[in-house]
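S.K.: Pasting a structure below so you can have a look.
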Amino acid sequence: MNLLTGSVEAFLDFENGDDILTRRSYSAGYRLVETGEVVCAVKLPAALAESAILRRSKISIVLTPAGQVEASLGAGASTEQVDSLVARTVADDNLRMEDATPIELEALLHRLERSVVMVKQAIARLTQL
């Protein structure tokens, strides 16, 4: 009987490489830290693994007073200026890809105008303090 000794680590690897468009499953299990030899593993369908990961992740999207949109998922985070998001949204390529209509853009404009009014009200409240 050959007993394994050493430190083990948990792993989750993509099958078929790291290409998000072609991966079909994940391999999850434990392997030896020193050699990388797999101690035990199970294959999981991509949909099942990703669903479980997302269920346990906390997604947060926040707009800061400085105009940055901060999005985080678990330990990862991304920050973008709100005007950069609007610029990307109304870019010609994006409008074509989204099949945007004038009615949708009117709704966006209305929401942005309401947002401007709320920011002006907040500035007025702060200056009164």
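Identifiers in the structure tokens: chain A, B, ... in order shown; residue index from 1 per chain; ligand index from 1 in order shown.
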Run DSSP on the backbone and grab whatever in region 34-77 of chain A lands in helix (DSSP H, G or I); send it over as JSON, numbers by chain.

M.R.: {"A": [46, 47, 48, 49, 50, 51, 52, 53, 54, 55]}

S.K.: Selection from above, N, CA and C atoms, as a PDB file, in the first residue's frame, can you write it?

M.R.:
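See selection16.pdb below for the written result:
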```pdb
ATOM      1  N   ALA A  46     -20.375  22.569 -16.550  1.00  0.00           N
ATOM      2  CA  ALA A  46     -20.131  24.002 -16.395  1.00  0.00           C
ATOM      3  C   ALA A  46     -21.340  24.720 -15.809  1.00  0.00           C
ATOM      4  N   ALA A  47     -22.525  24.423 -16.286  1.00  0.00           N
ATOM      5  CA  ALA A  47     -23.727  25.116 -15.808  1.00  0.00           C
ATOM      6  C   ALA A  47     -23.938  24.884 -14.309  1.00  0.00           C
ATOM      7  N   LEU A  48     -23.698  23.670 -13.846  1.00  0.00           N
ATOM      8  CA  LEU A  48     -23.877  23.354 -12.432  1.00  0.00           C
ATOM      9  C   LEU A  48     -22.843  24.078 -11.577  1.00  0.00           C
ATOM     10  N   ALA A  49     -21.581  24.028 -11.970  1.00  0.00           N
ATOM     11  CA  ALA A  49     -20.511  24.676 -11.196  1.00  0.00           C
ATOM     12  C   ALA A  49     -20.706  26.191 -11.152  1.00  0.00           C
ATOM     13  N   GLU A  50     -20.990  26.789 -12.298  1.00  0.00           N
ATOM     14  CA  GLU A  50     -21.141  28.243 -12.347  1.00  0.00           C
ATOM     15  C   GLU A  50     -22.364  28.706 -11.569  1.00  0.00           C
ATOM     16  N   SER A  51     -23.436  27.943 -11.616  1.00  0.00           N
ATOM     17  CA  SER A  51     -24.631  28.290 -10.857  1.00  0.00           C
ATOM     18  C   SER A  51     -24.340  28.268  -9.362  1.00  0.00           C
ATOM     19  N   ALA A  52     -23.618  27.249  -8.902  1.00  0.00           N
ATOM     20  CA  ALA A  52     -23.280  27.150  -7.479  1.00  0.00           C
ATOM     21  C   ALA A  52     -22.374  28.294  -7.050  1.00  0.00           C
ATOM     22  N   ILE A  53     -21.420  28.648  -7.886  1.00  0.00           N
ATOM     23  CA  ILE A  53     -20.503  29.747  -7.562  1.00  0.00           C
ATOM     24  C   ILE A  53     -21.269  31.057  -7.459  1.00  0.00           C
ATOM     25  N   LEU A  54     -22.122  31.342  -8.426  1.00  0.00           N
ATOM     26  CA  LEU A  54     -22.874  32.593  -8.424  1.00  0.00           C
ATOM     27  C   LEU A  54     -23.874  32.679  -7.275  1.00  0.00           C
ATOM     28  N   ARG A  55     -24.465  31.558  -6.886  1.00  0.00           N
ATOM     29  CA  ARG A  55     -25.408  31.573  -5.765  1.00  0.00           C
ATOM     30  C   ARG A  55     -24.735  31.990  -4.471  1.00  0.00           C
TER      31      ARG A  55
END
```

S.K.: Work out how far apart CA of Ile103 (chain A) and CA of Asp83 (chain A) are and give it in Å to one decimal.

M.R.: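 Rounded to one decimal, the two atoms are 20.6 Å apart.
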
S.K.: Based on DSSP run over this structure's backbone, return all residues of region 7-127 of chain A in strand (DSSP E), as a ChimeraX atom specification.

M.R.: /A:8-14,25-32,38-45,59-63,68-73,76-81

S.K.: Residues within 9 Å of Ala41 (chain A), please, as a PDB file with N, CA, C and O atoms, in the first residue's frame. Count only C-alpha atoms; anything in the same chain fewer than 6 positions from it doesn't count.

M.R.:
```pdb
ATOM      1  N   PHE A  11      -8.620  22.502  -5.756  1.00  0.00           N
ATOM      2  CA  PHE A  11      -8.478  23.132  -7.066  1.00  0.00           C
ATOM      3  C   PHE A  11      -9.792  23.059  -7.827  1.00  0.00           C
ATOM      4  O   PHE A  11     -10.650  22.230  -7.546  1.00  0.00           O
ATOM      5  N   SER A  27     -13.118  20.520 -13.480  1.00  0.00           N
ATOM      6  CA  SER A  27     -12.585  19.437 -12.673  1.00  0.00           C
ATOM      7  C   SER A  27     -12.286  20.034 -11.308  1.00  0.00           C
ATOM      8  O   SER A  27     -11.550  21.016 -11.208  1.00  0.00           O
ATOM      9  N   ALA A  28     -12.877  19.456 -10.258  1.00  0.00           N
ATOM     10  CA  ALA A  28     -12.698  19.979  -8.903  1.00  0.00           C
ATOM     11  C   ALA A  28     -12.209  18.854  -8.005  1.00  0.00           C
ATOM     12  O   ALA A  28     -12.606  17.703  -8.162  1.00  0.00           O
ATOM     13  N   GLY A  29     -11.324  19.202  -7.076  1.00  0.00           N
ATOM     14  CA  GLY A  29     -10.836  18.187  -6.157  1.00  0.00           C
ATOM     15  C   GLY A  29      -9.666  18.674  -5.344  1.00  0.00           C
ATOM     16  O   GLY A  29      -9.545  19.865  -5.059  1.00  0.00           O
ATOM     17  N   TYR A  30      -8.797  17.726  -5.014  1.00  0.00           N
ATOM     18  CA  TYR A  30      -7.601  18.025  -4.223  1.00  0.00           C
ATOM     19  C   TYR A  30      -6.380  17.466  -4.931  1.00  0.00           C
ATOM     20  O   TYR A  30      -6.440  16.403  -5.543  1.00  0.00           O
ATOM     21  N   ARG A  31      -5.270  18.195  -4.820  1.00  0.00           N
ATOM     22  CA  ARG A  31      -4.008  17.748  -5.391  1.00  0.00           C
ATOM     23  C   ARG A  31      -2.872  18.058  -4.427  1.00  0.00           C
ATOM     24  O   ARG A  31      -3.003  18.929  -3.558  1.00  0.00           O
TER      25      ARG A  31
END
```

S.K.: What lies within 8 Å of Gln68 (chain A) using only C-alpha atoms, ignoring chain neighbours under 3 positions off, as a ChimeraX atom specification?

M.R.: /A:63-65,79-82

S.K.: Point out the residue among A:Ile59, A:Val38, A:Leu44, A:Val90 with the least atom-to-atom distance to Ser72 (chain A), counting only C-alpha atoms.

M.R.: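 The closest residue to Ser72 (chain A) is A:Ile59.
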
S.K.: Quick one: distance from CA of Glu34 (chain A) to CA of Val8 (chain A) in Å, one decimal?

M.R.: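 So the answer is 8.3 Å.
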